[in-house]
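coords14.txt (compact mmCIF, C-alpha atoms) appears below.
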# COMPACT_ATOMS: atom_id res chain seq x y z
CA MET Q 1 1.10 34.73 -1.89
CA THR Q 2 -1.78 37.16 -2.01
CA ILE Q 3 -3.82 38.04 1.06
CA TYR Q 4 -6.70 35.99 -0.37
CA GLU Q 5 -4.51 32.94 -0.69
CA ILE Q 6 -3.31 33.38 2.90
CA GLN Q 7 -6.91 33.68 4.07
CA HIS Q 8 -7.89 30.63 2.09
CA TRP Q 9 -4.96 28.66 3.48
CA LEU Q 10 -5.89 29.72 7.03
CA LEU Q 11 -9.50 28.76 6.37
CA THR Q 12 -8.65 25.24 5.21
CA THR Q 13 -6.05 24.77 7.96
CA LEU Q 14 -8.37 25.89 10.75
CA ARG Q 15 -11.24 23.91 9.30
CA SER Q 16 -9.14 20.74 9.44
CA VAL Q 17 -9.05 20.98 13.25
CA HIS Q 18 -11.82 18.72 14.47
CA ILE Q 19 -10.84 18.17 18.08
CA VAL Q 20 -13.40 20.55 19.64
CA GLU Q 21 -16.14 19.91 17.09
CA PRO Q 22 -18.18 17.52 19.30
CA ILE Q 23 -18.27 20.14 22.07
CA MET Q 24 -18.98 23.13 19.85
CA THR Q 25 -21.77 21.51 17.87
CA SER Q 26 -23.52 20.15 20.98
CA ARG Q 27 -26.60 21.94 22.28
CA TRP Q 28 -24.86 24.02 24.98
CA GLY Q 29 -21.21 23.83 23.94
CA TRP Q 30 -20.98 27.10 22.04
CA PRO Q 31 -23.17 29.11 24.48
CA ILE Q 32 -21.15 27.90 27.50
CA CYS Q 33 -17.88 28.79 25.77
CA GLU Q 34 -19.30 32.25 25.06
CA SER Q 35 -20.25 32.64 28.72
CA LEU Q 36 -16.73 31.60 29.77
CA HIS Q 37 -15.33 34.08 27.23
CA PHE Q 38 -17.29 36.84 29.02
CA VAL Q 39 -16.12 35.65 32.45
CA GLY Q 40 -12.53 35.75 31.17
CA LEU Q 41 -13.13 39.23 29.78
CA SER Q 42 -14.38 40.43 33.15
CA LEU Q 43 -11.40 38.94 35.01
CA LEU Q 44 -9.05 40.67 32.59
CA ILE Q 45 -10.79 44.07 32.69
CA GLY Q 46 -11.28 43.85 36.46
CA THR Q 47 -7.67 43.20 37.39
CA VAL Q 48 -5.70 44.74 34.50
CA GLY Q 49 -8.16 47.65 34.26
CA MET Q 50 -7.84 48.25 38.01
CA PHE Q 51 -4.04 48.24 37.64
CA ASP Q 52 -4.28 50.69 34.69
CA LEU Q 53 -6.49 52.99 36.76
CA ARG Q 54 -3.91 52.93 39.56
CA LEU Q 55 -1.19 53.90 37.07
CA LEU Q 56 -3.42 56.77 35.97
CA GLY Q 57 -3.70 57.99 39.56
CA VAL Q 58 -6.80 56.33 41.08
CA ALA Q 59 -6.32 54.86 44.60
CA LYS Q 60 -2.74 56.09 44.98
CA ARG Q 61 -2.44 54.79 48.53
CA ILE Q 62 -2.23 51.27 47.06
CA PRO Q 63 1.42 50.35 46.34
CA ILE Q 64 1.67 49.33 42.67
CA SER Q 65 3.56 46.14 43.55
CA ALA Q 66 0.70 45.10 45.86
CA LEU Q 67 -1.95 45.62 43.19
CA HIS Q 68 0.21 43.72 40.71
CA ARG Q 69 -0.53 40.54 42.70
CA LEU Q 70 -4.00 40.54 41.12
CA ILE Q 71 -2.59 40.49 37.57
CA PRO Q 72 -2.14 36.67 37.40
CA TRP Q 73 -5.95 36.43 37.63
CA GLY Q 74 -6.22 38.73 34.62
CA ILE Q 75 -3.71 36.58 32.76
CA GLY Q 76 -5.86 33.59 33.71
CA GLY Q 77 -8.87 35.36 32.18
CA TYR Q 78 -6.80 36.11 29.08
CA PHE Q 79 -5.95 32.43 28.64
CA ILE Q 80 -9.59 31.37 29.17
CA ASN Q 81 -10.36 33.71 26.29
CA ILE Q 82 -7.52 32.54 24.08
CA ILE Q 83 -8.78 28.96 24.51
CA THR Q 84 -12.50 29.68 24.06
CA GLY Q 85 -11.74 32.18 21.26
CA SER Q 86 -9.69 29.56 19.40
CA MET Q 87 -12.56 27.12 19.82
CA PHE Q 88 -14.92 29.56 18.06
CA LEU Q 89 -12.32 30.21 15.38
CA VAL Q 90 -11.67 26.59 14.42
CA THR Q 91 -15.39 25.76 14.49
CA ALA Q 92 -16.48 28.57 12.16
CA PRO Q 93 -13.31 30.04 10.63
CA ASP Q 94 -15.16 31.71 7.75
CA GLN Q 95 -17.18 33.83 10.19
CA TYR Q 96 -13.97 35.37 11.45
CA LEU Q 97 -11.35 35.31 8.70
CA TYR Q 98 -13.46 37.46 6.36
CA ASN Q 99 -14.87 39.70 9.09
CA SER Q 100 -13.45 43.23 9.26
CA SER Q 101 -14.46 43.48 12.91
CA PHE Q 102 -12.33 40.40 13.66
CA HIS Q 103 -9.38 41.92 11.77
CA LEU Q 104 -9.61 45.07 13.90
CA LYS Q 105 -9.95 42.98 17.05
CA MET Q 106 -6.76 41.06 16.19
CA LEU Q 107 -4.96 44.31 15.32
CA PHE Q 108 -5.93 45.81 18.68
CA MET Q 109 -4.87 42.62 20.47
CA ALA Q 110 -1.49 42.77 18.77
CA ILE Q 111 -1.04 46.41 19.82
CA ALA Q 112 -2.20 45.53 23.36
CA GLY Q 113 0.46 42.81 23.35
CA LEU Q 114 3.15 45.31 22.34
CA ASN Q 115 1.85 47.64 25.05
CA VAL Q 116 2.32 44.86 27.64
CA VAL Q 117 5.85 44.13 26.36
CA THR Q 118 6.70 47.84 26.51
CA PHE Q 119 5.36 48.07 30.05
CA TYR Q 120 7.36 45.13 31.39
CA SER Q 121 10.56 45.97 29.55
CA ALA Q 122 10.63 49.72 30.16
CA MET Q 123 8.37 50.57 33.09
CA PHE Q 124 7.76 47.70 35.45
CA ARG Q 125 10.98 48.01 37.47
CA LYS Q 126 10.39 51.75 37.89
CA VAL Q 127 6.79 51.47 39.06
CA ASN Q 128 7.13 48.30 41.12
CA VAL Q 129 9.28 50.08 43.71
CA LEU Q 130 6.80 52.94 44.12
CA GLY Q 131 5.22 52.91 47.57
CA ALA Q 132 1.86 54.07 48.87
CA GLY Q 133 0.91 57.53 47.66
CA ALA Q 134 3.46 57.66 44.83
CA ASP Q 135 2.45 58.90 41.41
CA ALA Q 136 3.36 56.73 38.41
CA PRO Q 137 5.66 58.32 35.81
CA TRP Q 138 4.10 59.76 32.65
CA GLY Q 139 5.30 56.87 30.52
CA ALA Q 140 3.43 54.41 32.75
CA LYS Q 141 0.30 56.58 32.66
CA TRP Q 142 0.32 56.52 28.86
CA ILE Q 143 0.71 52.75 28.87
CA GLY Q 144 -2.15 52.39 31.38
CA GLY Q 145 -4.39 54.70 29.34
CA ALA Q 146 -3.51 52.85 26.13
CA SER Q 147 -4.31 49.52 27.80
CA LEU Q 148 -7.78 50.73 28.86
CA PHE Q 149 -8.42 52.13 25.37
CA LEU Q 150 -7.22 48.99 23.59
CA TRP Q 151 -9.14 46.49 25.74
CA THR Q 152 -12.30 48.56 25.43
CA GLY Q 153 -11.79 48.54 21.66
CA ILE Q 154 -11.25 44.78 21.72
CA ILE Q 155 -14.58 44.31 23.52
CA ILE Q 156 -16.35 46.55 20.98
CA PHE Q 157 -14.87 44.74 17.96
CA GLY Q 158 -15.67 41.42 19.61
CA ARG Q 159 -19.30 42.40 19.99
CA LEU Q 160 -19.54 43.89 16.50
CA LEU Q 161 -18.33 40.60 14.97
CA THR Q 162 -21.92 39.37 14.85
CA PHE Q 163 -23.02 42.37 12.82
CA TYR Q 164 -20.26 42.08 10.22
CA ARG Q 165 -20.62 38.44 9.27
CA PRO Q 166 -19.26 37.93 5.78
CA PHE Q 167 -21.72 37.37 2.98
CA VAL Q 168 -22.05 33.99 1.39
CA CYS Q 169 -20.61 33.97 -2.09
CA GLY Q 170 -22.15 31.89 -4.82
CA ASP Q 171 -24.48 28.96 -4.25
CA GLU Q 172 -22.08 26.78 -2.36
CA GLY Q 173 -23.35 27.78 1.08
CA GLN Q 174 -20.81 27.40 3.85
CA THR Q 175 -17.92 26.60 1.53
CA GLY Q 176 -18.69 29.32 -0.98
CA LEU Q 177 -17.37 32.26 0.97
CA LEU Q 178 -15.45 35.30 -0.11
CA ALA Q 179 -12.27 33.34 -0.71
CA THR Q 180 -13.95 31.35 -3.45
CA CYS Q 181 -15.03 34.55 -5.18
CA LEU Q 182 -11.75 36.38 -4.72
CA LEU Q 183 -9.37 33.62 -5.69
CA PRO Q 184 -8.77 33.22 -9.41
CA LYS Q 185 -10.42 30.06 -10.64
CA MET A 1 -49.24 41.24 28.89
CA ASP A 2 -49.16 40.85 25.10
CA GLN A 3 -51.05 44.13 24.81
CA PHE A 4 -48.24 45.85 26.66
CA PHE A 5 -45.57 44.16 24.51
CA LEU A 6 -47.40 45.14 21.32
CA TRP A 7 -47.68 48.73 22.50
CA LEU A 8 -44.03 48.94 23.58
CA GLU A 9 -42.74 47.31 20.41
CA ALA A 10 -44.69 49.85 18.33
CA THR A 11 -43.01 52.83 20.00
CA ALA A 12 -40.42 54.76 18.02
CA LEU A 13 -37.57 53.91 20.41
CA SER A 14 -38.28 50.17 20.34
CA THR A 15 -38.55 50.18 16.55
CA TRP A 16 -35.29 52.13 16.28
CA MET A 17 -33.52 49.60 18.52
CA ARG A 18 -34.67 46.71 16.33
CA GLU A 19 -34.61 48.18 12.87
CA SER A 20 -31.97 50.88 12.70
CA VAL A 21 -29.10 49.84 10.47
CA SER A 22 -26.78 52.29 12.23
CA VAL A 23 -23.88 50.67 14.04
CA PHE A 24 -24.54 53.18 16.84
CA ALA A 25 -27.99 51.71 17.48
CA PHE A 26 -28.25 48.11 18.66
CA PRO A 27 -24.63 47.01 18.00
CA MET A 28 -22.97 49.82 19.95
CA ILE A 29 -25.52 49.74 22.79
CA LEU A 30 -24.77 46.03 23.12
CA SER A 31 -21.05 46.89 23.14
CA TYR A 32 -21.53 49.46 25.94
CA HIS A 33 -23.39 46.77 27.88
CA THR A 34 -20.41 44.42 27.51
CA ILE A 35 -17.85 47.09 28.47
CA GLY A 36 -19.95 47.94 31.53
CA MET A 37 -20.12 44.23 32.38
CA GLY A 38 -16.33 44.02 32.27
CA PHE A 39 -15.96 46.88 34.74
CA VAL A 40 -18.86 46.04 37.07
CA ALA A 41 -18.28 42.28 37.34
CA GLY A 42 -14.52 42.63 36.88
CA LEU A 43 -13.80 45.34 39.45
CA SER A 44 -16.19 43.70 41.90
CA ALA A 45 -14.46 40.34 41.33
CA ALA A 46 -11.01 41.92 41.81
CA MET A 47 -12.22 43.32 45.16
CA ASP A 48 -13.64 39.91 46.09
CA LEU A 49 -10.31 38.26 45.26
CA ARG A 50 -8.51 40.73 47.55
CA ILE A 51 -10.94 39.91 50.36
CA LEU A 52 -10.35 36.20 49.75
CA GLY A 53 -6.62 36.70 50.20
CA VAL A 54 -5.08 37.62 46.80
CA GLY A 55 -2.74 40.62 47.09
CA ARG A 56 -2.83 40.90 50.87
CA ARG A 57 -0.73 44.06 50.80
CA VAL A 58 -3.49 45.99 48.99
CA PRO A 59 -5.06 48.24 51.65
CA LEU A 60 -8.79 47.45 51.73
CA LEU A 61 -9.78 50.97 52.70
CA GLU A 62 -8.29 52.29 49.47
CA LEU A 63 -10.22 49.87 47.23
CA LYS A 64 -13.27 52.08 47.64
CA ARG A 65 -11.59 54.59 45.30
CA PHE A 66 -12.55 52.26 42.45
CA LEU A 67 -16.21 52.25 43.46
CA PRO A 68 -17.14 55.39 41.46
CA VAL A 69 -15.85 53.67 38.28
CA LEU A 70 -17.78 50.53 39.24
CA TRP A 71 -21.01 52.43 39.86
CA PHE A 72 -20.61 54.45 36.67
CA ALA A 73 -20.31 51.16 34.77
CA PHE A 74 -23.33 49.82 36.67
CA TRP A 75 -25.50 52.76 35.57
CA LEU A 76 -24.15 52.49 32.03
CA ASN A 77 -25.41 48.91 32.07
CA ALA A 78 -28.71 49.81 33.66
CA VAL A 79 -29.37 52.33 30.87
CA SER A 80 -28.05 50.16 28.02
CA GLY A 81 -29.89 47.18 29.50
CA VAL A 82 -33.20 49.08 29.58
CA LEU A 83 -32.65 50.13 25.96
CA LEU A 84 -32.00 46.52 24.94
CA LEU A 85 -35.14 45.54 26.86
CA ILE A 86 -37.20 48.23 25.12
CA GLY A 87 -35.98 46.83 21.78
CA TYR A 88 -37.05 43.27 22.55
CA PRO A 89 -39.43 43.27 25.55
CA THR A 90 -41.21 40.03 24.62
CA LYS A 91 -37.93 38.21 24.06
CA ALA A 92 -36.64 39.04 27.55
CA LEU A 93 -39.78 39.19 29.68
CA THR A 94 -41.19 35.85 28.51
CA ASN A 95 -37.87 34.13 29.30
CA PRO A 96 -37.40 32.80 32.87
CA VAL A 97 -33.62 33.09 32.43
CA PHE A 98 -34.03 36.89 32.25
CA TYR A 99 -35.56 36.93 35.75
CA LEU A 100 -32.76 34.65 36.94
CA LYS A 101 -30.28 37.21 35.61
CA LEU A 102 -32.07 40.07 37.41
CA THR A 103 -32.06 38.01 40.63
CA PHE A 104 -28.31 37.40 40.36
CA ILE A 105 -27.75 41.14 39.79
CA ALA A 106 -29.93 42.06 42.77
CA PHE A 107 -27.99 39.70 45.05
CA ALA A 108 -24.63 40.86 43.66
CA ILE A 109 -25.52 44.50 44.33
CA VAL A 110 -26.76 43.78 47.86
CA LEU A 111 -23.50 41.89 48.51
CA LEU A 112 -21.43 44.73 47.07
CA ARG A 113 -23.15 47.25 49.34
CA ARG A 114 -22.61 45.02 52.38
CA ILE A 115 -18.96 44.52 51.45
CA THR A 116 -18.58 48.29 51.02
CA LYS A 117 -20.15 48.97 54.41
CA SER A 118 -18.60 46.22 56.49
CA ILE A 119 -15.15 45.94 54.88
CA PHE A 120 -14.14 49.04 52.92
CA GLN A 121 -15.25 51.35 55.70
CA SER A 122 -13.85 49.68 58.80
CA PRO A 123 -10.41 51.15 59.62
CA ASP A 124 -9.35 48.14 61.71
CA LEU A 125 -9.55 45.79 58.70
CA ASP A 126 -7.36 47.70 56.23
CA LEU A 127 -4.43 45.25 56.09
CA GLY A 128 -5.55 42.91 58.86
CA GLU A 129 -7.21 39.51 58.94
CA ILE A 130 -10.65 39.47 57.35
CA PRO A 131 -13.38 37.66 59.31
CA ALA A 132 -14.91 34.55 57.77
CA ARG A 133 -18.17 36.42 57.20
CA GLY A 134 -16.37 38.86 54.90
CA LYS A 135 -14.90 35.99 52.91
CA TRP A 136 -18.33 34.43 52.50
CA LEU A 137 -19.69 37.73 51.18
CA ALA A 138 -16.84 37.89 48.64
CA ALA A 139 -17.30 34.27 47.53
CA ALA A 140 -21.07 34.79 47.15
CA SER A 141 -20.40 37.97 45.15
CA LEU A 142 -18.11 36.10 42.74
CA PHE A 143 -20.75 33.39 42.34
CA CYS A 144 -23.48 35.96 41.60
CA TRP A 145 -21.41 37.77 38.95
CA VAL A 146 -20.54 34.52 37.18
CA GLY A 147 -24.24 33.62 37.38
CA THR A 148 -25.23 37.00 35.94
CA ILE A 149 -22.82 36.60 33.02
CA PHE A 150 -23.96 33.05 32.23
CA ALA A 151 -27.65 33.95 32.50
CA GLY A 152 -27.12 37.04 30.37
CA ARG A 153 -25.24 35.21 27.65
CA LEU A 154 -27.69 32.33 27.60
CA LEU A 155 -30.60 34.75 26.97
CA ALA A 156 -29.69 34.56 23.29
CA TYR A 157 -30.20 30.78 23.34
CA THR A 158 -33.19 30.32 25.63
CA TYR A 159 -35.87 32.74 24.44
CA THR A 160 -39.06 31.31 23.00
CA ARG A 161 -40.65 34.42 21.47
CA LEU A 162 -38.81 37.23 19.73
CA THR A 163 -41.60 39.79 19.49
CA ALA A 164 -45.31 39.87 20.37
CA SER A 165 -46.47 40.45 16.83
Using structure tokens, write down the structure that the file contains.
Amino acid sequence: MTIYEIQHWLLTTLRSVHIVEPIMTSRWGWPICESLHFVGLSLLIGTVGMFDLRLLGVAKRIPISALHRLIPWGIGGYFINIITGSMFLVTAPDQYLYNSSFHLKMLFMAIAGLNVVTFYSAMFRKVNVLGAGADAPWGAKWIGGASLFLWTGIIIFGRLLTFYRPFVCGDEGQTGLLATCLLPK
Amino acid sequence: MDQFFLWLEATALSTWMRESVSVFAFPMILSYHTIGMGFVAGLSAAMDLRILGVGRRVPLLELKRFLPVLWFAFWLNAVSGVLLLIGYPTKALTNPVFYLKLTFIAFAIVLLRRITKSIFQSPDLDLGEIPARGKWLAAASLFCWVGTIFAGRLLAYTYTRLTAS
């Protein structure tokens, strides 16, 4: 299977999802989902970003375990964004699947995911016992810094999506996207 | 007013914002605005959540250490916001939703300053019970940031004129 065939398969599969179509094609459906996507983003950056800053040494008098209580709200924001993001994706899959900015966003999200797994498997037990005033170990600082870098990158690639919309290929309009040109006839 | 829009839209900076094909022009300035939003609304919301009772063991007095980051992000957004406005003054200033957004921001900032003064700087509150008034300030702050985000996002869908010319 070539990458083009995978993209084409994803395109047809995602396009066959019609469950959110009535919402997304209504007058305010898409704009409201976008607004919720930004609210989710802010919840994630606010709580996870605050936690990352603490790992890096800001507000050291806050015990790391205490600040960690805010993280579920960031996870909530993350899930708001997974849901709204998927709604955009199934409504206009071609806008995303052939968009280099979307590819980079997904790559950064995957790395951010690995960063989270690394943190909880290798660092969490060490930092969770640290009291007020304690400095996080270097490993945790790197993870915190990487998290800030990755989420900032994810925001940038998310915003740049609009400016890297794929070109329409051929005269077939919406269906005649890159896949049609790239796949052998 | 149209005279002013026409003049502003003819300036080099406004033209650059609209017409430059560089990714570092409009696209990146819009990205900075979104990053700043994440930190301003997000950090402020995290502080509000603490005041409302999430993470009670977080000492309130220490939360003010995040304020420099928050204010840096605020000024980043003030500057990027003004640049976006210079690019499309007619689009924003003829849209009532834009004034709604500015109103939400003004209230959110007033609330943040009051929260800073009455909560982050009173030693007796640190880990103690927060008075109802403090919780109302935090709830209002959350409401204003959500309002700002919705109004801001909906600007792209509610404008009636793009440019004056």
Give me, as a VMD selection string, the residues of chain A touching chain Q, with the criterion being at most 10 Å (counting all atoms listed in the file).
chain A and resid 21 23 26 to 47 49 to 50 54 to 66 69 to 70 145 to 157
Residues within 7 Å of range 135-139 of chain Q, all atoms listed in the file, excluding chain neighbours under 5 positions, as a list in words:
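In the requested format, the answer is Leu55, Gly57, Lys60 and Val127 of chain Q.
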Residue nearest Gly29 in chain Q among Q:Lys105, Q:Ala122, Q:Thr84, Q:Leu11 (counting all atoms listed in the file):
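So, comparing all the options, the nearest one is Q:Thr84.
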From (-5.3, 28.3, 8.1), in the file's coordinates, out to 12 Å: which residues are reached, counting only C-alpha atoms? Answer as an MDAnalysis selection string.
chainID Q and resid 4:17 89:90 92:94 96:97
Taken to one decimal, the CA of Thr90 in chain A-CA of Ser14 in chain A distance is 11.4 Å
